[in-house]
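Coordinates as given in entry00.pdb (PDB, C-alpha atoms and all ligand atoms):
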```pdb
MODEL        1
ATOM      1  CA  MET A   1     102.964  99.361 126.134
ATOM      2  CA  ARG A   2     102.022  97.404 129.268
ATOM      3  CA  THR A   3     101.521  93.793 128.148
ATOM      4  CA  PRO A   4      99.268  92.061 127.372
ATOM      5  CA  PHE A   5      97.454  94.716 125.336
ATOM      6  CA  LEU A   6      95.051  95.474 122.526
ATOM      7  CA  LEU A   7      96.002  97.985 119.818
ATOM      8  CA  VAL A   8      92.970  99.240 117.875
ATOM      9  CA  ASN A   9      93.904 100.280 114.330
ATOM     10  CA  PHE A  10      91.392 102.860 113.103
ATOM     11  CA  LYS A  11      92.719 102.480 109.517
ATOM     12  CA  ALA A  12      90.799 104.874 107.227
ATOM     13  CA  TYR A  13      87.386 103.537 108.163
ATOM     14  CA  PRO A  14      84.752 106.297 107.833
ATOM     15  CA  GLU A  15      83.513 105.280 111.306
ATOM     16  CA  ALA A  16      86.873 106.459 112.687
ATOM     17  CA  LEU A  17      87.775 109.636 110.816
ATOM     18  CA  GLY A  18      87.678 113.229 112.076
ATOM     19  CA  PRO A  19      85.332 113.796 115.051
ATOM     20  CA  LYS A  20      84.396 110.093 114.949
ATOM     21  CA  ALA A  21      88.048 109.219 115.657
ATOM     22  CA  VAL A  22      87.849 111.202 118.897
ATOM     23  CA  GLU A  23      84.499 109.622 119.785
ATOM     24  CA  LEU A  24      85.859 106.122 119.188
ATOM     25  CA  ALA A  25      89.032 106.884 121.143
ATOM     26  CA  LYS A  26      86.915 108.093 124.066
ATOM     27  CA  ALA A  27      84.956 104.825 124.020
ATOM     28  CA  CYS A  28      88.278 102.944 124.064
ATOM     29  CA  ALA A  29      89.529 105.090 126.955
ATOM     30  CA  LYS A  30      86.331 104.426 128.928
ATOM     31  CA  VAL A  31      86.703 100.652 128.565
ATOM     32  CA  ALA A  32      90.426 100.802 129.400
ATOM     33  CA  GLU A  33      89.709 102.833 132.514
ATOM     34  CA  GLU A  34      86.829 100.666 133.734
ATOM     35  CA  THR A  35      88.452  97.300 132.992
ATOM     36  CA  GLY A  36      92.087  98.200 133.694
ATOM     37  CA  ILE A  37      93.256  96.602 130.433
ATOM     38  CA  SER A  38      96.229  97.957 128.482
ATOM     39  CA  LEU A  39      94.815  99.460 125.310
ATOM     40  CA  GLY A  40      96.275 101.663 122.555
ATOM     41  CA  VAL A  41      94.755 103.312 119.493
ATOM     42  CA  ALA A  42      96.148 104.038 116.024
ATOM     43  CA  PRO A  43      94.079 106.817 114.386
ATOM     44  CA  SER A  44      94.729 108.225 110.930
ATOM     45  CA  ALA A  45      97.690 110.632 110.627
ATOM     46  CA  LEU A  46      95.405 113.642 110.356
ATOM     47  CA  ASP A  47      93.517 112.703 113.531
ATOM     48  CA  LEU A  48      96.479 111.624 115.656
ATOM     49  CA  ALA A  49      97.241 114.902 117.438
ATOM     50  CA  LEU A  50      93.606 115.632 118.297
ATOM     51  CA  VAL A  51      93.053 112.069 119.565
ATOM     52  CA  ALA A  52      96.233 112.218 121.663
ATOM     53  CA  LYS A  53      95.016 115.487 123.205
ATOM     54  CA  SER A  54      91.514 114.090 123.834
ATOM     55  CA  VAL A  55      92.249 110.810 125.635
ATOM     56  CA  ARG A  56      94.784 109.432 128.111
ATOM     57  CA  LEU A  57      95.635 106.378 125.999
ATOM     58  CA  PRO A  58      98.846 105.390 124.179
ATOM     59  CA  VAL A  59      98.450 106.627 120.588
ATOM     60  CA  PHE A  60     100.290 105.054 117.665
ATOM     61  CA  ALA A  61     100.794 106.283 114.106
ATOM     62  CA  GLN A  62      99.689 103.851 111.385
ATOM     63  CA  HIS A  63     102.860 104.546 109.405
ATOM     64  CA  LEU A  64     105.935 106.828 109.558
ATOM     65  CA  ASP A  65     108.654 107.548 107.004
ATOM     66  CA  PRO A  66     112.408 107.336 107.754
ATOM     67  CA  VAL A  67     112.991 110.643 105.921
ATOM     68  CA  GLU A  68     115.109 113.457 107.323
ATOM     69  CA  THR A  69     113.165 116.473 108.561
ATOM     70  CA  GLY A  70     113.317 119.455 106.203
ATOM     71  CA  LYS A  71     112.502 119.295 102.509
ATOM     72  CA  ALA A  72     110.180 116.276 102.716
ATOM     73  CA  THR A  73     106.782 117.449 101.436
ATOM     74  CA  GLY A  74     104.072 114.911 102.121
ATOM     75  CA  TRP A  75     106.266 112.565 104.192
ATOM     76  CA  ILE A  76     105.873 111.976 107.945
ATOM     77  CA  PRO A  77     109.235 111.708 109.788
ATOM     78  CA  PRO A  78     109.251 110.253 113.309
ATOM     79  CA  GLU A  79     110.192 113.728 114.627
ATOM     80  CA  ALA A  80     106.664 114.862 113.609
ATOM     81  CA  ALA A  81     104.982 112.042 115.532
ATOM     82  CA  LEU A  82     106.504 112.866 118.928
ATOM     83  CA  PRO A  83     105.126 116.420 119.362
ATOM     84  CA  ALA A  84     101.785 115.157 118.005
ATOM     85  CA  GLY A  85     101.621 112.873 121.047
ATOM     86  CA  ALA A  86     102.428 109.484 119.513
ATOM     87  CA  VAL A  87     104.174 106.871 121.668
ATOM     88  CA  GLY A  88     104.906 104.630 118.703
ATOM     89  CA  THR A  89     104.045 103.566 115.183
ATOM     90  CA  ILE A  90     102.864 100.636 113.143
ATOM     91  CA  VAL A  91     104.916  99.980 109.990
ATOM     92  CA  ASN A  92     104.728  97.550 107.058
ATOM     93  CA  HIS A  93     101.020  96.845 107.525
ATOM     94  CA  SER A  94      99.832  94.599 104.658
ATOM     95  CA  GLU A  95      97.810  97.596 103.445
ATOM     96  CA  ARG A  96     100.922  99.830 103.503
ATOM     97  CA  LYS A  97     103.998  97.665 102.797
ATOM     98  CA  VAL A  98     107.509  99.125 102.974
ATOM     99  CA  ALA A  99     110.922  98.007 101.726
ATOM    100  CA  TRP A 100     113.206  96.202 104.159
ATOM    101  CA  GLU A 101     115.666  99.147 104.132
ATOM    102  CA  GLU A 102     112.847 101.558 105.045
ATOM    103  CA  MET A 103     111.812  99.318 107.942
ATOM    104  CA  ARG A 104     115.444  99.093 109.090
ATOM    105  CA  ASP A 105     115.973 102.865 108.973
ATOM    106  CA  LEU A 106     112.655 103.684 110.636
ATOM    107  CA  ILE A 107     113.284 101.287 113.540
ATOM    108  CA  ALA A 108     116.671 102.918 114.137
ATOM    109  CA  ARG A 109     115.217 106.445 114.022
ATOM    110  CA  CYS A 110     112.301 105.542 116.313
ATOM    111  CA  ARG A 111     114.649 103.873 118.781
ATOM    112  CA  GLU A 112     116.661 107.119 119.019
ATOM    113  CA  LEU A 113     113.460 109.040 119.728
ATOM    114  CA  GLY A 114     111.958 106.508 122.137
ATOM    115  CA  LEU A 115     109.036 105.638 119.861
ATOM    116  CA  GLU A 116     107.867 101.998 119.983
ATOM    117  CA  VAL A 117     107.632 100.192 116.648
ATOM    118  CA  VAL A 118     105.095  97.508 115.696
ATOM    119  CA  VAL A 119     106.229  95.822 112.473
ATOM    120  CA  CYS A 120     103.467  93.907 110.689
ATOM    121  CA  ALA A 121     104.374  90.609 109.018
ATOM    122  CA  ASP A 122     102.166  88.662 106.600
ATOM    123  CA  ASP A 123     103.721  85.296 107.458
ATOM    124  CA  VAL A 124     106.394  83.475 109.475
ATOM    125  CA  ALA A 125     109.197  84.148 106.988
ATOM    126  CA  GLU A 126     108.550  87.887 107.002
ATOM    127  CA  ALA A 127     108.282  87.838 110.797
ATOM    128  CA  GLU A 128     111.686  86.155 111.068
ATOM    129  CA  THR A 129     113.292  88.722 108.718
ATOM    130  CA  ALA A 130     111.735  91.597 110.631
ATOM    131  CA  ALA A 131     112.911  90.172 113.979
ATOM    132  CA  LYS A 132     116.521  90.669 112.827
ATOM    133  CA  LEU A 133     115.838  94.438 112.807
ATOM    134  CA  GLY A 134     114.860  94.454 116.482
ATOM    135  CA  PRO A 135     111.489  96.258 116.556
ATOM    136  CA  ASP A 136     109.594  96.335 119.842
ATOM    137  CA  TYR A 137     106.775  94.190 118.467
ATOM    138  CA  ILE A 138     105.997  92.092 115.423
ATOM    139  CA  ALA A 139     102.308  91.637 114.596
ATOM    140  CA  VAL A 140     101.711  88.501 112.530
ATOM    141  CA  GLU A 141      98.673  89.136 110.314
ATOM    142  CA  PRO A 142      97.835  86.831 107.390
ATOM    143  CA  PRO A 143      96.365  89.383 104.907
ATOM    144  CA  GLU A 144      93.637  87.056 103.622
ATOM    145  CA  LEU A 145      92.060  86.953 107.104
ATOM    146  CA  ILE A 146      92.123  90.722 107.705
ATOM    147  CA  GLY A 147      88.667  92.216 108.032
ATOM    148  CA  GLY A 148      87.027  88.797 107.983
ATOM    149  CA  ASP A 149      84.950  86.951 110.573
ATOM    150  CA  VAL A 150      87.338  84.062 111.153
ATOM    151  CA  SER A 151      90.054  84.820 113.683
ATOM    152  CA  VAL A 152      93.656  84.017 112.828
ATOM    153  CA  THR A 153      93.760  82.213 116.187
ATOM    154  CA  SER A 154      91.320  79.596 114.902
ATOM    155  CA  ALA A 155      92.098  79.688 111.170
ATOM    156  CA  LYS A 156      95.899  79.585 111.435
ATOM    157  CA  PRO A 157      97.068  78.951 115.042
ATOM    158  CA  GLU A 158     100.143  77.148 113.718
ATOM    159  CA  VAL A 159     101.285  80.341 111.939
ATOM    160  CA  ILE A 160     101.235  82.149 115.279
ATOM    161  CA  THR A 161     103.039  79.436 117.232
ATOM    162  CA  ARG A 162     105.688  79.064 114.495
ATOM    163  CA  ALA A 163     106.167  82.835 114.330
ATOM    164  CA  VAL A 164     106.512  83.062 118.136
ATOM    165  CA  GLU A 165     109.129  80.297 118.040
ATOM    166  CA  ARG A 166     111.145  81.786 115.119
ATOM    167  CA  ILE A 167     111.015  85.332 116.506
ATOM    168  CA  ARG A 168     112.071  84.137 119.977
ATOM    169  CA  THR A 169     115.025  82.266 118.433
ATOM    170  CA  THR A 170     115.995  85.174 116.157
ATOM    171  CA  ASN A 171     115.626  87.975 118.692
ATOM    172  CA  PRO A 172     114.204  87.200 122.166
ATOM    173  CA  LYS A 173     113.781  90.934 122.867
ATOM    174  CA  VAL A 174     110.991  91.226 120.265
ATOM    175  CA  HIS A 175     107.446  90.695 121.564
ATOM    176  CA  VAL A 176     104.875  89.025 119.319
ATOM    177  CA  LEU A 177     101.369  90.254 118.559
ATOM    178  CA  CYS A 178      98.879  88.800 116.150
ATOM    179  CA  GLY A 179      95.852  90.109 114.277
ATOM    180  CA  ALA A 180      93.297  89.476 111.532
ATOM    181  CA  GLY A 181      89.699  88.505 112.129
ATOM    182  CA  VAL A 182      89.972  88.807 115.912
ATOM    183  CA  LYS A 183      86.459  89.588 117.161
ATOM    184  CA  THR A 184      85.895  88.081 120.629
ATOM    185  CA  GLY A 185      87.420  87.729 124.067
ATOM    186  CA  ARG A 186      87.863  84.035 123.293
ATOM    187  CA  ASP A 187      89.986  84.909 120.234
ATOM    188  CA  VAL A 188      92.108  87.207 122.424
ATOM    189  CA  ALA A 189      92.569  84.561 125.128
ATOM    190  CA  LYS A 190      93.594  82.039 122.476
ATOM    191  CA  ALA A 191      96.174  84.482 121.066
ATOM    192  CA  LEU A 192      97.784  84.746 124.506
ATOM    193  CA  GLU A 193      97.709  80.963 124.887
ATOM    194  CA  LEU A 194      99.580  80.730 121.555
ATOM    195  CA  GLY A 195     102.402  82.855 122.978
ATOM    196  CA  THR A 196     101.596  86.393 121.880
ATOM    197  CA  VAL A 197     101.491  89.420 124.215
ATOM    198  CA  GLY A 198      98.653  91.180 122.440
ATOM    199  CA  ILE A 199      96.405  91.797 119.474
ATOM    200  CA  LEU A 200      96.373  94.321 116.644
ATOM    201  CA  LEU A 201      92.758  94.632 115.529
ATOM    202  CA  ALA A 202      90.439  96.907 113.608
ATOM    203  CA  SER A 203      87.001  95.930 112.244
ATOM    204  CA  GLY A 204      85.916  94.001 115.344
ATOM    205  CA  VAL A 205      85.874  97.341 117.173
ATOM    206  CA  VAL A 206      85.750 100.112 114.572
ATOM    207  CA  LYS A 207      82.881  98.569 112.578
ATOM    208  CA  ALA A 208      81.008  97.115 115.563
ATOM    209  CA  LYS A 209      77.424  98.282 116.163
ATOM    210  CA  SER A 210      78.661  99.180 119.671
ATOM    211  CA  PRO A 211      82.477  99.521 119.739
ATOM    212  CA  GLU A 212      82.334  99.848 123.529
ATOM    213  CA  LYS A 213      80.422  96.569 123.893
ATOM    214  CA  ALA A 214      82.769  94.795 121.485
ATOM    215  CA  LEU A 215      85.780  96.082 123.397
ATOM    216  CA  ARG A 216      84.382  94.919 126.745
ATOM    217  CA  ASP A 217      84.093  91.396 125.361
ATOM    218  CA  LEU A 218      87.592  91.536 123.850
ATOM    219  CA  ALA A 219      88.934  92.849 127.178
ATOM    220  CA  LYS A 220      87.756  89.677 128.937
ATOM    221  CA  GLY A 221      90.289  87.742 126.887
ATOM    222  CA  LEU A 222      93.159  89.812 128.267
ATOM    223  CA  VAL A 223      92.336  89.049 131.858
ATOM    224  CA  ARG A 224      94.018  85.726 132.598
ATOM    225  CA  GLU A 225      91.834  83.350 134.601
ATOM    226  CA  ALA A 226      93.120  83.478 138.192
TER     227      ALA A 226
HETATM  228  O1  LIG B 301      95.962  96.254 111.852
HETATM  229  C1  LIG B 301      95.124  95.228 112.277
HETATM  230  C2  LIG B 301      94.201  94.832 111.196
HETATM  231  O2  LIG B 301      94.845  94.657 109.986
HETATM  232  C3  LIG B 301      93.379  93.629 111.530
HETATM  233  O3  LIG B 301      92.173  93.858 110.907
HETATM  234  O4  LIG B 301      89.745  94.065 110.848
HETATM  235  O5  LIG B 301      90.824  91.796 110.892
HETATM  236  O6  LIG B 301      90.854  93.221 112.942
HETATM  237  P1  LIG B 301      90.833  93.182 111.441
ENDMDL
END
```
Using structure tokens, write down the structure from this file.
Ligand code: G3P
Amino acid sequence: MRTPFLLVNFKAYPEALGPKAVELAKACAKVAEETGISLGVAPSALDLALVAKSVRLPVFAQHLDPVETGKATGWIPPEAALPAGAVGTIVNHSERKVAWEEMRDLIARCRELGLEVVVCADDVAEAETAAKLGPDYIAVEPPELIGGDVSVTSAKPEVITRAVERIRTTNPKVHVLCGAGVKTGRDVAKALELGTVGILLASGVVKAKSPEKALRDLAKGLVREA
């Protein structure tokens, strides 16, 4: 992803399933095109291929499994994400935690396939552990703030700055994102000031009365004041 960027996680919100996933992705694509911001979307697994076909935006899976292809009923190996049009995947989201070994194996498999990996971390300690595995991005997201109205950038700025510091020391190649409660362009600008290169967000866009309007405000935070 071109940094700085926003990655909109559709989760399993009813507002973003099936045809509504395509509609929401098209609204995201419109804002990205008109504002020039770097913006990705992470639809549900069952909507990923259709969304990737419908919009010219980077599409991420919300989770992938480091299983071998073949006899793996119900699992989603990275090899299935590529032909579906994914450019990367989220993993270890607080709503879908994985074991350290799974994270390690998935990062290795995705690296071989050229898929970017966003590892979610609940706190600084988890972010530091994840940095040792060398994902492309680590998104620091305190679970208690997810889905709420208070942005992590105002509720816990010190968590972000400490995570940026620890990740940079552990593995300077890993870029830091943050998320949880991010709703406005001001929250986005603050996240960049704190040292991140982007935001992982969901309800501020998916559950907005007008996702397009919400995104336009969020986009303002990505454009650094000249
Ligand atoms: O994956 C990002 C998500 O967990 C953040 O949620 O609704 O607080 O933007 P939200």
Once the PyMOL selection byres (((chain A and resi 117) around 6) and not hetatm) has been applied to the shown file, what residues remain in the selection, as a ChimeraX atom specification?
-> /A:88-90,116,118,135-136
Ground truth for the PyMOL selection byres (((not hetatm)) within 8 of (chain B and resi 301)), written as a list in words |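 Against this file, the PyMOL selection byres (((not hetatm)) within 8 of (chain B and resi 301)) returns the residues Val8, Asn9, Lys11, His93, Ser94, Glu95, Cys120, Glu141, Pro143, Leu145, Ile146, Gly147, Gly148, Asp149, Ser151, Gly179, Ala180, Gly181, Val182, Lys183, Leu200, Leu201, Ala202, Ser203, Gly204 and Val205 of chain A.
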Generate the output file for the selected residues, C-alpha atoms, as a PDB file, keeping the file's coordinate frame.
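Generated file (again26.pdb):
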```pdb
ATOM      1  CA  VAL A   8      92.970  99.240 117.875  1.00  0.00           C
ATOM      2  CA  ASN A   9      93.904 100.280 114.330  1.00  0.00           C
ATOM      3  CA  LYS A  11      92.719 102.480 109.517  1.00  0.00           C
ATOM      4  CA  HIS A  93     101.020  96.845 107.525  1.00  0.00           C
ATOM      5  CA  SER A  94      99.832  94.599 104.658  1.00  0.00           C
ATOM      6  CA  GLU A  95      97.810  97.596 103.445  1.00  0.00           C
ATOM      7  CA  CYS A 120     103.467  93.907 110.689  1.00  0.00           C
ATOM      8  CA  GLU A 141      98.673  89.136 110.314  1.00  0.00           C
ATOM      9  CA  PRO A 143      96.365  89.383 104.907  1.00  0.00           C
ATOM     10  CA  LEU A 145      92.060  86.953 107.104  1.00  0.00           C
ATOM     11  CA  ILE A 146      92.123  90.722 107.705  1.00  0.00           C
ATOM     12  CA  GLY A 147      88.667  92.216 108.032  1.00  0.00           C
ATOM     13  CA  GLY A 148      87.027  88.797 107.983  1.00  0.00           C
ATOM     14  CA  ASP A 149      84.950  86.951 110.573  1.00  0.00           C
ATOM     15  CA  SER A 151      90.054  84.820 113.683  1.00  0.00           C
ATOM     16  CA  GLY A 179      95.852  90.109 114.277  1.00  0.00           C
ATOM     17  CA  ALA A 180      93.297  89.476 111.532  1.00  0.00           C
ATOM     18  CA  GLY A 181      89.699  88.505 112.129  1.00  0.00           C
ATOM     19  CA  VAL A 182      89.972  88.807 115.912  1.00  0.00           C
ATOM     20  CA  LYS A 183      86.459  89.588 117.161  1.00  0.00           C
ATOM     21  CA  LEU A 200      96.373  94.321 116.644  1.00  0.00           C
ATOM     22  CA  LEU A 201      92.758  94.632 115.529  1.00  0.00           C
ATOM     23  CA  ALA A 202      90.439  96.907 113.608  1.00  0.00           C
ATOM     24  CA  SER A 203      87.001  95.930 112.244  1.00  0.00           C
ATOM     25  CA  GLY A 204      85.916  94.001 115.344  1.00  0.00           C
ATOM     26  CA  VAL A 205      85.874  97.341 117.173  1.00  0.00           C
TER      27      VAL A 205
END
```
Near Val206 (chain A), counting all atoms listed in the file, which residues have an atom at most 12 Å away, once you skip same-chain residues fewer than 5 positions from it, shown as a PyMOL selection string?
-> chain A and resi 7-17+20-21+23-25+27-28+41-43+147+183+201+211-215
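Distance annotation: of A:Ile37, A:Leu177, A:Ala99, A:Ile107, the residue with the minimal separation from Val140 (chain A) is A:Leu177; atom set is only C-alpha atoms.
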On this file, the PyMOL selection byres (((chain A and resi 175) around 7) and not hetatm) gives some set of residues; write that set as a ChimeraX atom specification.
-> /A:136-138,173-174,176-177,197
Between CA of Lys207 (chain A) and CA of Val22 (chain A), distance in Å (one decimal) =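 Answer for the CA of Lys207 (chain A) to CA of Val22 (chain A) separation: 15.0 Å.
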Out of A:Ile160, A:His63, A:Gly40, A:Asp122, which residue has the shortest atom-to-atom distance to Glu144 (chain A) when counting only C-alpha atoms?
->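 Using only C-alpha atoms, Glu144 (chain A) sits closest to A:Asp122.
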Env of region 80-85 of chain A: 9 Å cut, atoms = all atoms listed in the file, seq-sep filter 2 positions within chain, self excluded. Answer as a short mmCIF file (atom, residue, chain, number, x, y, z; two decimals) with C-alpha atoms, keeping the file's coordinate frame.
```
data_model
loop_
_atom_site.label_atom_id
_atom_site.label_comp_id
_atom_site.auth_asym_id
_atom_site.auth_seq_id
_atom_site.Cartn_x
_atom_site.Cartn_y
_atom_site.Cartn_z
CA ALA A 45 97.69 110.63 110.63
CA LEU A 48 96.48 111.62 115.66
CA ALA A 49 97.24 114.90 117.44
CA LEU A 50 93.61 115.63 118.30
CA VAL A 51 93.05 112.07 119.56
CA ALA A 52 96.23 112.22 121.66
CA LYS A 53 95.02 115.49 123.20
CA PRO A 58 98.85 105.39 124.18
CA VAL A 59 98.45 106.63 120.59
CA PHE A 60 100.29 105.05 117.66
CA ALA A 61 100.79 106.28 114.11
CA LEU A 64 105.94 106.83 109.56
CA THR A 69 113.16 116.47 108.56
CA ILE A 76 105.87 111.98 107.94
CA PRO A 77 109.24 111.71 109.79
CA PRO A 78 109.25 110.25 113.31
CA VAL A 87 104.17 106.87 121.67
CA GLY A 88 104.91 104.63 118.70
CA THR A 89 104.04 103.57 115.18
CA LEU A 113 113.46 109.04 119.73
CA GLY A 114 111.96 106.51 122.14
CA LEU A 115 109.04 105.64 119.86
#
```
When distances are computed from all atoms listed in the file, which of A:Thr169, A:Thr3, A:Thr129, A:Thr184 shows the smallest separation from Val152 (chain A)?
->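 The closest residue to Val152 (chain A) is A:Thr184.
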d(CA of Leu106 (chain A), CA of Pro66 (chain A)) in Å |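 A separation of 4.7 Å between them.
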To one decimal place, how far is CA of Ile199 (chain A) from CA of Val150 (chain A) in Å?
->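 Atom-to-atom, CA of Ile199 (chain A) and CA of Val150 (chain A) are spaced 14.5 Å apart.
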So which residues touch Leu222 (chain A) within 9 Å, counting all atoms listed in the file, skipping near sequence neighbours fewer than 3 positions away, as a ChimeraX atom specification?
-> /A:4-6,37-38,185,188-189,192,198,218-219
